[in-house]
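Structure below is final_17.txt: compact mmCIF, C-alpha atoms.
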# COMPACT_ATOMS: atom_id res chain seq x y z
CA MET A 1 -25.42 -29.92 -19.79
CA SER A 2 -28.40 -31.72 -18.31
CA SER A 3 -30.45 -28.67 -17.34
CA PRO A 4 -31.25 -25.58 -19.43
CA ILE A 5 -31.01 -23.51 -16.24
CA THR A 6 -27.43 -24.64 -15.66
CA ASP A 7 -26.65 -23.96 -19.30
CA LEU A 8 -28.22 -20.52 -18.93
CA ILE A 9 -25.98 -19.64 -15.98
CA HIS A 10 -22.80 -21.14 -17.44
CA HIS A 11 -23.31 -20.36 -21.13
CA PRO A 12 -19.87 -19.95 -22.74
CA TYR A 13 -20.67 -17.08 -25.09
CA ALA A 14 -18.59 -13.92 -24.56
CA PRO A 15 -19.06 -10.80 -26.71
CA PRO A 16 -16.17 -9.96 -29.02
CA ALA A 17 -13.57 -7.46 -27.88
CA GLY A 18 -13.11 -4.08 -29.51
CA PHE A 19 -16.42 -2.40 -28.75
CA ALA A 20 -16.00 1.37 -28.32
CA ALA A 21 -18.55 4.06 -27.50
CA PRO A 22 -18.60 7.57 -25.99
CA GLN A 23 -19.69 6.20 -22.60
CA PRO A 24 -17.73 3.45 -20.81
CA GLY A 25 -19.28 0.13 -19.91
CA VAL A 26 -20.82 -0.53 -16.50
CA PHE A 27 -19.49 -3.48 -14.53
CA LYS A 28 -21.53 -4.66 -11.55
CA ALA A 29 -19.92 -7.20 -9.29
CA SER A 30 -19.54 -8.43 -5.77
CA THR A 31 -17.94 -11.72 -6.83
CA VAL A 32 -15.06 -11.55 -9.30
CA ILE A 33 -14.21 -14.72 -11.24
CA PHE A 34 -10.57 -15.90 -11.34
CA PRO A 35 -9.20 -18.11 -14.13
CA ASN A 36 -7.31 -20.38 -11.70
CA VAL A 37 -6.11 -20.72 -8.10
CA ALA A 38 -2.71 -19.24 -8.89
CA ALA A 39 -4.33 -16.05 -10.15
CA MET A 40 -6.60 -15.92 -7.11
CA ARG A 41 -3.62 -16.12 -4.77
CA ALA A 42 -1.45 -13.75 -6.77
CA ARG A 43 -3.79 -10.79 -7.10
CA ASP A 44 -3.38 -7.95 -4.63
CA TRP A 45 -6.52 -5.93 -3.85
CA LYS A 46 -4.33 -2.93 -2.97
CA GLN A 47 -3.15 -2.61 -6.58
CA LYS A 48 -5.07 -1.87 -9.78
CA GLY A 49 -3.30 -4.60 -11.73
CA GLY A 50 -6.29 -6.93 -11.39
CA TYR A 51 -9.63 -7.50 -9.73
CA THR A 52 -10.32 -9.40 -6.53
CA TYR A 53 -13.73 -8.42 -5.15
CA GLY A 54 -16.32 -5.86 -6.14
CA LEU A 55 -15.73 -3.79 -3.00
CA HIS A 56 -12.11 -3.28 -4.05
CA GLY A 57 -12.92 -2.06 -7.54
CA THR A 58 -14.25 -2.88 -10.98
CA PRO A 59 -13.34 -1.41 -14.39
CA THR A 60 -16.11 1.17 -13.84
CA THR A 61 -14.91 2.41 -10.46
CA PHE A 62 -11.23 2.25 -11.42
CA LEU A 63 -11.96 4.46 -14.42
CA LEU A 64 -13.83 7.01 -12.31
CA GLU A 65 -11.03 7.05 -9.72
CA GLU A 66 -8.44 7.74 -12.38
CA ARG A 67 -10.49 10.57 -13.89
CA ILE A 68 -11.16 12.22 -10.53
CA ALA A 69 -7.46 11.96 -9.61
CA ALA A 70 -6.61 13.70 -12.90
CA LEU A 71 -9.26 16.37 -12.31
CA GLU A 72 -7.85 17.20 -8.86
CA GLY A 73 -4.22 17.02 -9.96
CA GLY A 74 -3.51 13.96 -7.81
CA LYS A 75 -2.13 10.48 -8.33
CA HIS A 76 -4.50 8.23 -6.39
CA CYS A 77 -8.24 8.35 -5.67
CA LEU A 78 -10.58 6.42 -3.40
CA LEU A 79 -14.33 6.51 -3.99
CA VAL A 80 -16.65 6.54 -0.99
CA PRO A 81 -20.46 6.73 -0.57
CA SER A 82 -20.62 10.47 0.22
CA GLY A 83 -18.59 13.61 0.84
CA LEU A 84 -18.95 13.07 4.58
CA ALA A 85 -17.67 9.51 4.17
CA ALA A 86 -14.57 10.99 2.49
CA ILE A 87 -13.99 13.21 5.52
CA ALA A 88 -14.53 10.28 7.90
CA ASN A 89 -12.18 8.05 5.88
CA VAL A 90 -9.39 10.60 6.27
CA SER A 91 -9.92 11.32 9.97
CA LEU A 92 -10.28 7.65 10.92
CA SER A 93 -7.15 6.75 8.95
CA LEU A 94 -4.87 9.35 10.48
CA LEU A 95 -6.10 9.84 14.05
CA GLY A 96 -5.96 7.67 17.15
CA ALA A 97 -6.52 8.02 20.87
CA GLY A 98 -4.47 10.90 22.26
CA ASP A 99 -4.19 12.71 18.91
CA GLU A 100 -5.70 16.08 18.08
CA VAL A 101 -7.38 17.43 14.95
CA LEU A 102 -7.84 21.11 14.08
CA VAL A 103 -10.94 22.12 12.12
CA PRO A 104 -11.79 25.61 10.78
CA ASP A 105 -14.71 27.21 12.62
CA ASN A 106 -16.55 27.69 9.32
CA ALA A 107 -16.10 24.10 8.13
CA TYR A 108 -18.85 21.89 6.75
CA GLY A 109 -21.02 21.23 9.79
CA PRO A 110 -20.88 17.41 9.80
CA ASN A 111 -17.06 17.56 9.86
CA LYS A 112 -17.29 19.53 13.11
CA ALA A 113 -19.96 17.17 14.41
CA LEU A 114 -17.71 14.17 13.70
CA ALA A 115 -14.94 15.78 15.78
CA GLU A 116 -17.37 16.53 18.61
CA GLY A 117 -18.98 13.09 18.42
CA GLU A 118 -17.23 9.87 17.48
CA LEU A 119 -13.69 11.26 17.46
CA GLN A 120 -14.09 12.73 20.93
CA GLN A 121 -15.62 9.48 22.20
CA TRP A 122 -12.55 7.62 20.95
CA GLY A 123 -10.13 9.90 22.83
CA ILE A 124 -9.28 12.21 19.93
CA THR A 125 -9.41 15.87 20.89
CA HIS A 126 -10.16 18.80 18.61
CA GLN A 127 -9.92 22.56 18.38
CA PHE A 128 -11.75 24.94 16.07
CA TYR A 129 -9.50 27.65 14.67
CA ASP A 130 -10.10 31.02 13.04
CA PRO A 131 -9.92 30.27 9.30
CA MET A 132 -9.02 33.85 8.42
CA ASP A 133 -6.13 34.25 10.90
CA PRO A 134 -3.04 32.12 10.18
CA ALA A 135 -1.56 33.15 13.52
CA ASP A 136 -4.48 31.56 15.32
CA LEU A 137 -3.93 28.30 13.45
CA GLN A 138 -0.22 28.40 14.20
CA SER A 139 -0.78 29.03 17.91
CA ARG A 140 -3.03 25.96 18.20
CA LEU A 141 -0.65 23.47 16.62
CA GLY A 142 0.84 21.25 19.29
CA PRO A 143 2.72 17.98 19.68
CA ARG A 144 -0.56 16.01 19.60
CA THR A 145 -1.85 17.68 16.42
CA LYS A 146 -1.83 15.04 13.70
CA LEU A 147 -4.30 16.47 11.20
CA VAL A 148 -5.50 19.92 10.13
CA TRP A 149 -8.59 20.35 8.00
CA LEU A 150 -8.71 23.19 5.47
CA GLU A 151 -11.76 24.35 3.55
CA ALA A 152 -12.29 26.99 0.90
CA PRO A 153 -14.49 28.85 0.92
CA GLY A 154 -16.12 28.48 4.32
CA SER A 155 -19.37 26.58 4.45
CA VAL A 156 -22.40 28.89 4.14
CA THR A 157 -20.52 32.10 5.03
CA MET A 158 -18.19 31.85 2.02
CA GLU A 159 -15.05 33.37 3.59
CA PHE A 160 -12.00 32.48 1.49
CA PRO A 161 -9.02 31.70 3.75
CA PRO A 162 -5.30 32.16 3.07
CA LEU A 163 -5.00 28.54 2.00
CA ALA A 164 -1.37 28.58 0.87
CA ARG A 165 -0.23 30.17 4.13
CA GLN A 166 -2.26 27.68 6.18
CA ALA A 167 -0.75 24.75 4.28
CA ALA A 168 2.76 26.18 4.69
CA ILE A 169 2.35 26.57 8.45
CA CYS A 170 1.30 22.95 8.79
CA ARG A 171 4.00 21.69 6.45
CA GLU A 172 6.67 23.52 8.50
CA ARG A 173 5.44 21.68 11.60
CA GLY A 174 5.15 18.32 9.86
CA VAL A 175 1.37 18.13 10.26
CA THR A 176 -0.77 16.48 7.57
CA THR A 177 -3.38 18.69 5.91
CA ALA A 178 -6.64 17.65 4.30
CA LEU A 179 -8.55 20.11 2.14
CA ASP A 180 -12.28 19.97 1.46
CA SER A 181 -12.19 21.17 -2.14
CA THR A 182 -15.80 20.44 -3.09
CA TRP A 183 -16.51 24.08 -4.02
CA SER A 184 -13.54 24.18 -6.41
CA SER A 185 -14.41 20.86 -8.09
CA GLY A 186 -10.84 20.74 -9.37
CA LEU A 187 -11.56 23.76 -11.58
CA ALA A 188 -11.18 26.92 -9.49
CA TYR A 189 -7.85 25.89 -7.99
CA ASN A 190 -5.55 22.89 -7.62
CA GLY A 191 -5.69 21.83 -3.97
CA PHE A 192 -2.23 20.27 -4.04
CA ASP A 193 -0.47 23.39 -5.35
CA LEU A 194 -2.80 26.31 -4.52
CA GLY A 195 -1.38 28.62 -7.13
CA GLY A 196 2.21 28.08 -5.97
CA PRO A 197 4.94 25.59 -6.80
CA MET A 198 4.16 21.88 -6.96
CA GLY A 199 3.47 20.45 -3.53
CA SER A 200 2.80 23.79 -1.86
CA GLY A 201 -0.80 22.88 -1.04
CA ALA A 202 -2.60 20.20 0.94
CA ASP A 203 -1.53 16.58 1.38
CA ILE A 204 -5.05 15.22 0.83
CA VAL A 205 -7.95 16.62 -1.17
CA VAL A 206 -11.51 15.46 -0.53
CA HIS A 207 -14.36 16.17 -2.89
CA ALA A 208 -18.10 15.59 -2.57
CA LEU A 209 -18.84 14.24 -6.04
CA THR A 210 -22.48 14.65 -5.02
CA LYS A 211 -22.23 18.28 -6.12
CA TYR A 212 -20.88 19.44 -9.50
CA PRO A 213 -19.40 16.15 -10.83
CA SER A 214 -22.81 14.51 -10.45
CA GLY A 215 -24.65 17.62 -11.59
CA GLY A 216 -28.08 16.02 -11.29
CA GLY A 217 -28.85 16.21 -7.60
CA ASP A 218 -29.41 12.45 -7.65
CA VAL A 219 -26.12 10.78 -6.67
CA LEU A 220 -24.28 10.60 -3.35
CA MET A 221 -20.53 10.00 -3.60
CA GLY A 222 -17.21 11.32 -2.34
CA ALA A 223 -13.54 11.07 -3.27
CA VAL A 224 -10.25 11.09 -1.38
CA VAL A 225 -7.33 12.12 -3.60
CA THR A 226 -3.61 11.97 -2.81
CA ARG A 227 -0.25 12.21 -4.51
CA ASP A 228 1.82 10.27 -1.95
CA ASP A 229 1.90 6.47 -2.31
CA ALA A 230 2.37 5.69 1.38
CA LEU A 231 -0.38 8.09 2.44
CA HIS A 232 -2.74 6.62 -0.15
CA LEU A 233 -2.08 3.10 1.13
CA LYS A 234 -2.83 4.16 4.70
CA LEU A 235 -6.14 5.66 3.58
CA LYS A 236 -6.91 2.63 1.42
CA LEU A 237 -6.40 0.20 4.31
CA THR A 238 -8.96 2.09 6.39
CA HIS A 239 -11.21 2.27 3.32
CA MET A 240 -11.08 -1.54 3.12
CA ARG A 241 -11.62 -2.14 6.83
CA LEU A 242 -14.66 0.13 6.88
CA GLY A 243 -16.11 -1.62 3.84
CA LEU A 244 -16.57 1.61 1.89
CA GLY A 245 -17.79 1.08 -1.64
CA VAL A 246 -19.92 2.75 -4.31
CA GLY A 247 -22.52 1.35 -6.69
CA ALA A 248 -21.71 0.83 -10.34
CA ASN A 249 -24.75 2.78 -11.51
CA ASP A 250 -23.76 5.75 -9.36
CA ALA A 251 -20.25 5.63 -10.79
CA GLU A 252 -21.75 5.45 -14.27
CA ALA A 253 -23.88 8.54 -13.60
CA ILE A 254 -20.84 10.59 -12.61
CA LEU A 255 -18.74 9.31 -15.51
CA ARG A 256 -21.55 10.42 -17.82
CA SER A 257 -21.67 13.90 -16.25
CA LEU A 258 -17.93 14.60 -16.07
CA PRO A 259 -17.51 15.71 -19.72
CA SER A 260 -19.92 18.61 -19.12
CA LEU A 261 -18.53 19.50 -15.69
CA ALA A 262 -16.58 22.58 -16.77
CA LEU A 263 -19.40 23.90 -18.95
CA ARG A 264 -21.93 23.60 -16.12
CA TYR A 265 -19.57 24.92 -13.46
CA HIS A 266 -18.66 28.08 -15.36
CA ALA A 267 -22.24 28.71 -16.49
CA GLN A 268 -23.51 28.48 -12.92
CA ASP A 269 -20.63 30.64 -11.73
CA GLN A 270 -21.53 33.42 -14.16
CA ALA A 271 -25.23 33.18 -13.37
CA ALA A 272 -24.53 33.39 -9.64
CA ARG A 273 -22.38 36.51 -10.10
CA ARG A 274 -25.17 38.25 -12.02
CA LEU A 275 -27.74 37.50 -9.35
CA ALA A 276 -25.39 38.36 -6.50
CA ALA A 277 -24.55 41.70 -8.14
CA TRP A 278 -28.26 42.45 -8.50
CA LEU A 279 -28.95 41.58 -4.86
CA ARG A 280 -26.13 43.89 -3.75
CA GLN A 281 -28.22 46.80 -4.99
CA ARG A 282 -31.34 45.78 -3.10
CA PRO A 283 -32.15 47.80 0.05
CA GLU A 284 -33.26 44.69 1.92
CA VAL A 285 -29.78 43.12 1.69
CA ALA A 286 -27.08 44.10 4.16
CA ARG A 287 -24.26 42.10 2.60
CA VAL A 288 -23.52 39.69 -0.24
CA LEU A 289 -20.96 36.99 0.56
CA HIS A 290 -19.24 35.82 -2.61
CA PRO A 291 -15.44 35.27 -2.82
CA ALA A 292 -15.14 36.91 -6.23
CA PHE A 293 -16.74 40.16 -4.99
CA GLU A 294 -14.56 42.90 -3.58
CA GLY A 295 -15.40 43.43 0.06
CA SER A 296 -16.40 39.84 0.68
CA PRO A 297 -14.28 38.19 3.40
CA GLY A 298 -11.12 36.75 1.89
CA HIS A 299 -11.60 38.24 -1.57
CA ALA A 300 -7.86 38.93 -1.84
CA HIS A 301 -7.11 35.32 -0.87
CA TRP A 302 -9.49 34.13 -3.58
CA GLN A 303 -7.63 36.26 -6.12
CA ALA A 304 -4.28 34.91 -4.95
CA THR A 305 -5.46 31.30 -5.19
CA CYS A 306 -7.83 31.36 -8.17
CA GLY A 307 -6.57 34.36 -10.13
CA ALA A 308 -8.09 37.81 -10.64
CA ASP A 309 -10.42 36.39 -13.29
CA GLY A 310 -10.73 32.98 -11.68
CA ALA A 311 -13.71 30.72 -11.20
CA ALA A 312 -15.99 30.80 -8.18
CA ALA A 313 -18.79 28.20 -8.50
CA GLY A 314 -22.52 28.97 -8.46
CA LEU A 315 -22.87 29.56 -4.74
CA PHE A 316 -23.28 32.71 -2.65
CA SER A 317 -24.97 33.94 0.52
CA VAL A 318 -26.65 37.15 1.63
CA THR A 319 -27.35 38.61 5.04
CA PHE A 320 -30.52 40.63 5.44
CA HIS A 321 -30.72 43.85 7.43
CA GLU A 322 -31.23 43.20 11.12
CA ARG A 323 -34.62 44.90 10.97
CA TYR A 324 -35.96 41.72 9.37
CA SER A 325 -36.97 38.99 11.78
CA PRO A 326 -36.27 35.29 11.24
CA ARG A 327 -39.96 34.86 10.50
CA GLN A 328 -39.78 37.45 7.71
CA VAL A 329 -36.69 35.84 6.18
CA ASP A 330 -38.41 32.45 6.29
CA ALA A 331 -41.39 34.03 4.51
CA PHE A 332 -39.03 35.29 1.79
CA CYS A 333 -37.69 31.76 1.29
CA ASP A 334 -41.18 30.27 1.26
CA ALA A 335 -42.28 32.81 -1.37
CA LEU A 336 -39.62 31.69 -3.84
CA GLU A 337 -40.94 29.45 -6.61
CA LEU A 338 -38.01 28.62 -8.89
CA PHE A 339 -35.53 28.49 -6.03
CA LYS A 340 -36.48 25.34 -4.13
CA LEU A 341 -35.87 24.76 -0.42
CA GLY A 342 -33.25 22.05 -0.23
CA TYR A 343 -29.76 21.17 0.96
CA SER A 344 -26.73 20.51 -1.24
CA TRP A 345 -25.86 22.33 -4.45
CA GLY A 346 -24.37 21.93 -7.91
CA GLY A 347 -27.44 20.48 -9.62
CA PRO A 348 -29.72 21.89 -12.34
CA VAL A 349 -32.33 23.25 -9.90
CA SER A 350 -31.62 26.43 -7.96
CA LEU A 351 -31.78 25.99 -4.19
CA VAL A 352 -32.11 28.21 -1.12
CA VAL A 353 -31.57 27.60 2.61
CA PRO A 354 -31.96 30.10 5.49
CA TYR A 355 -29.48 29.89 8.40
CA ASP A 356 -29.21 31.38 11.86
CA LEU A 357 -25.44 31.85 12.08
CA ALA A 358 -25.46 32.40 15.83
CA THR A 359 -26.13 28.66 16.17
CA MET A 360 -23.36 27.69 13.71
CA ARG A 361 -20.37 29.92 14.36
CA SER A 362 -18.31 30.87 17.35
CA ALA A 363 -18.87 34.56 18.07
CA ARG A 364 -15.13 35.08 18.55
CA PHE A 365 -14.51 34.06 14.92
CA GLY A 366 -17.73 35.03 13.17
CA GLY A 367 -17.67 38.73 14.01
CA THR A 368 -20.37 40.75 12.30
CA LEU A 369 -21.43 37.76 10.19
CA CYS A 370 -23.13 36.29 13.24
CA ARG A 371 -25.69 39.09 13.30
CA GLY A 372 -28.87 38.91 11.26
CA MET A 373 -30.31 36.11 9.17
CA LEU A 374 -28.33 34.60 6.33
CA VAL A 375 -29.67 32.90 3.22
CA ARG A 376 -27.51 30.73 0.96
CA PHE A 377 -28.30 30.42 -2.74
CA SER A 378 -27.17 27.68 -5.10
CA VAL A 379 -27.78 28.75 -8.69
CA GLY A 380 -28.87 26.01 -11.08
CA LEU A 381 -29.28 26.08 -14.84
CA GLU A 382 -32.48 28.10 -15.18
CA ALA A 383 -32.51 31.40 -17.11
CA VAL A 384 -31.02 34.16 -14.98
CA SER A 385 -33.82 36.55 -15.91
CA ASP A 386 -36.40 34.12 -14.54
CA LEU A 387 -34.44 33.60 -11.33
CA GLN A 388 -34.14 37.37 -10.85
CA LEU A 389 -37.90 37.78 -11.20
CA ASP A 390 -38.39 35.02 -8.65
CA LEU A 391 -36.15 36.85 -6.19
CA GLU A 392 -37.88 40.17 -6.82
CA HIS A 393 -41.31 38.72 -6.13
CA ALA A 394 -40.13 36.97 -2.98
CA LEU A 395 -38.48 40.11 -1.59
CA ALA A 396 -41.94 41.65 -1.41
CA ALA A 397 -42.82 39.02 1.20
CA LEU A 398 -40.28 40.49 3.62
CA GLY A 399 -42.83 43.22 4.42

Would you write the structure of this file as structure tokens?
Amino acid sequence: MSSPITDLIHHPYAPPAGFAAPQPGVFKASTVIFPNVAAMRARDWKQKGGYTYGLHGTPTTFLLEERIAALEGGKHCLLVPSGLAAIANVSLSLLGAGDEVLVPDNAYGPNKALAEGELQQWGITHQFYDPMDPADLQSRLGPRTKLVWLEAPGSVTMEFPPLARQAAICRERGVTTALDSTWSSGLAYNGFDLGGPMGSGADIVVHALTKYPSGGGDVLMGAVVTRDDALHLKLKLTHMRLGLGVGANDAEAILRSLPSLALRYHAQDQAARRLAAWLRQRPEVARVLHPAFEGSPGHAHWQATCGADGAAAGLFSVTFHERYSPRQVDAFCDALELFKLGYSWGGPVSLVVPYDLATMRSARFGGTLCRGMLVRFSVGLEAVSDLQLDLEHALAALG
């Protein structure tokens, strides 16, 4: 060739095949090169038999999709830029003007905000239902209900609902269910079966890979997992039209973390139980909210779904006695040193967030949980003894 620059760009060398290593290769692409026009015209972006454009998948993203589908017990997986994007992908795929969506009152806040915002603006109505009362869910199902969101446990307040019963009610009425299974991470329960026979659970499982699959607090990503081919295609078409894609380096980070997922999940689960049990004995604490603890809302449902000795993640909340003001609870959080103030969970650093539940929950569903200040803890990978000392020192700041 006449120019070394042209030769540099079009150099014919290709590395030999057969390279194998513990971590898979990372493929970055917007443009995908085809060998000829016939191949370009023949390839279908909806299938994984070949590659068409970076947005529709590379070897790196295909591999992560297959592993997440296996983790969740599904057949198909779509990767999206965040957990919220996974929720939006589902709702925008399945709902249109005149339809209705039902969302549990204790759902992840942005899911409720999406229903109250864009969905409502587009003529899609919504209702919030009592997650702990299957009869309330059943009474709200109507001819316009096209989608019901499930979530376990509830965001922040940690109630564990009767998931299998909720799914059965919707299935009997022919209504599609989508389960936010981020807390389970595919380990505490199988969202498609929920401890029962195959297919007795949700139709769609969404997962914020930002949390435990990432494990580093440094990647935003979500997944939409299905078992049904036609349902997957419907979701995939919306995925394409919205231009949802993930970066190769983010996919690589999660692929690298997945082998240690179970080890980290169970270690953080056990650490959280030890700290929650210790806090139960403290006079400042009115209640500990942890699905695996007897007396916590929905404990029996957790046992039925996850097993008596099942997993429960590294997350729990406490409510302080009403004698403590919001200012005092904020001072407790500020006094913590190892527990950092920050949203999200599932990473190596322990986190804490104070909440005023009266602004988050309907009083008709929240009951006694809406009284007093609540603090949510996400337990990281620090030594439990050090975290306990941190809590003990901060409790002194309550006054």

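As for CA of Gly98 in chain A and CA of Gln127 in chain A, they are spaced 13.4 Å apart.
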
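Proximity ranking of A:Leu244, A:Leu398, A:Leu387, A:Ala312 relative to Val285 in chain A places A:Leu398 first, based on all atoms listed in the file.
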
Practice item. Excluding Gly50 in chain A and any residue of its chain fewer than 2 positions from it, enumerate the residues within 12 Å of it, using all atoms listed in the file, and give them as a list in words. Key: Val32, Ile33, Phe34, Pro35, Ala39, Met40, Arg41, Ala42, Arg43, Asp44, Trp45, Lys46, Gln47, Lys48, Thr52, Tyr53, Gly54, His56, Gly57, Thr58, Pro59 and Phe62 of chain A

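The closest residue to Lys75 in chain A, picked from A:Ser91, A:Ser385, A:Ser350, A:Thr226 and counting all atoms listed in the file, is A:Thr226.
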
Review point. Residues at most 12 Å from Ser317 in chain A, counting only C-alpha atoms, excluding those fewer than 2 positions away in the same chain, as a ChimeraX atom specification?
Key: /A:153-159,272-273,275-277,279-280,285-291,293,296-297,314-315,319-320,351-355,357,369,373-379

Kindly save the residues from that selection, with C-alpha atoms included, as a tab-separated table (two decimals), in the coordinates of the input.
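Output below, filename again.tsv:
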chain	number	residue	atom	x	y	z
A	153	PRO	CA	-14.49	28.85	0.92
A	154	GLY	CA	-16.12	28.48	4.32
A	155	SER	CA	-19.37	26.58	4.45
A	156	VAL	CA	-22.40	28.89	4.14
A	157	THR	CA	-20.52	32.10	5.03
A	158	MET	CA	-18.19	31.85	2.02
A	159	GLU	CA	-15.05	33.37	3.59
A	272	ALA	CA	-24.53	33.39	-9.64
A	273	ARG	CA	-22.38	36.51	-10.10
A	275	LEU	CA	-27.74	37.50	-9.35
A	276	ALA	CA	-25.39	38.36	-6.50
A	277	ALA	CA	-24.55	41.70	-8.14
A	279	LEU	CA	-28.95	41.58	-4.86
A	280	ARG	CA	-26.13	43.89	-3.75
A	285	VAL	CA	-29.78	43.12	1.69
A	286	ALA	CA	-27.08	44.10	4.16
A	287	ARG	CA	-24.26	42.10	2.60
A	288	VAL	CA	-23.52	39.69	-0.24
A	289	LEU	CA	-20.96	36.99	0.56
A	290	HIS	CA	-19.24	35.82	-2.61
A	291	PRO	CA	-15.44	35.27	-2.82
A	293	PHE	CA	-16.74	40.16	-4.99
A	296	SER	CA	-16.40	39.84	0.68
A	297	PRO	CA	-14.28	38.19	3.40
A	314	GLY	CA	-22.52	28.97	-8.46
A	315	LEU	CA	-22.87	29.56	-4.74
A	319	THR	CA	-27.35	38.61	5.04
A	320	PHE	CA	-30.52	40.63	5.44
A	351	LEU	CA	-31.78	25.99	-4.19
A	352	VAL	CA	-32.11	28.21	-1.12
A	353	VAL	CA	-31.57	27.60	2.61
A	354	PRO	CA	-31.96	30.10	5.49
A	355	TYR	CA	-29.48	29.89	8.40
A	357	LEU	CA	-25.44	31.85	12.08
A	369	LEU	CA	-21.43	37.76	10.19
A	373	MET	CA	-30.31	36.11	9.17
A	374	LEU	CA	-28.33	34.60	6.33
A	375	VAL	CA	-29.67	32.90	3.22
A	376	ARG	CA	-27.51	30.73	0.96
A	377	PHE	CA	-28.30	30.42	-2.74
A	378	SER	CA	-27.17	27.68	-5.10
A	379	VAL	CA	-27.78	28.75	-8.69

Review point. To one decimal place, how far is CA of Arg274 in chain A from CA of Leu220 in chain A in Å?
Key: 29.0 Å

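Candidate residues A:Pro22, A:Pro131, A:Gly83, A:Gly96 were compared for distance to Ala223 in chain A, and the nearest is A:Gly83, using only C-alpha atoms.
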
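Taking CA of Gly142 in chain A and CA of Ile87 in chain A as endpoints, the distance between them is 21.8 Å.
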
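Candidate residues A:Ala313, A:Val90, A:Cys77, A:Val148 were compared for distance to Gln270 in chain A, and the nearest is A:Ala313, using all atoms listed in the file.
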
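Distance check against Ala311 in chain A using only C-alpha atoms: of A:Ile124, A:Ala38, A:Ala262, A:Val175, the minimum falls on A:Ala262.
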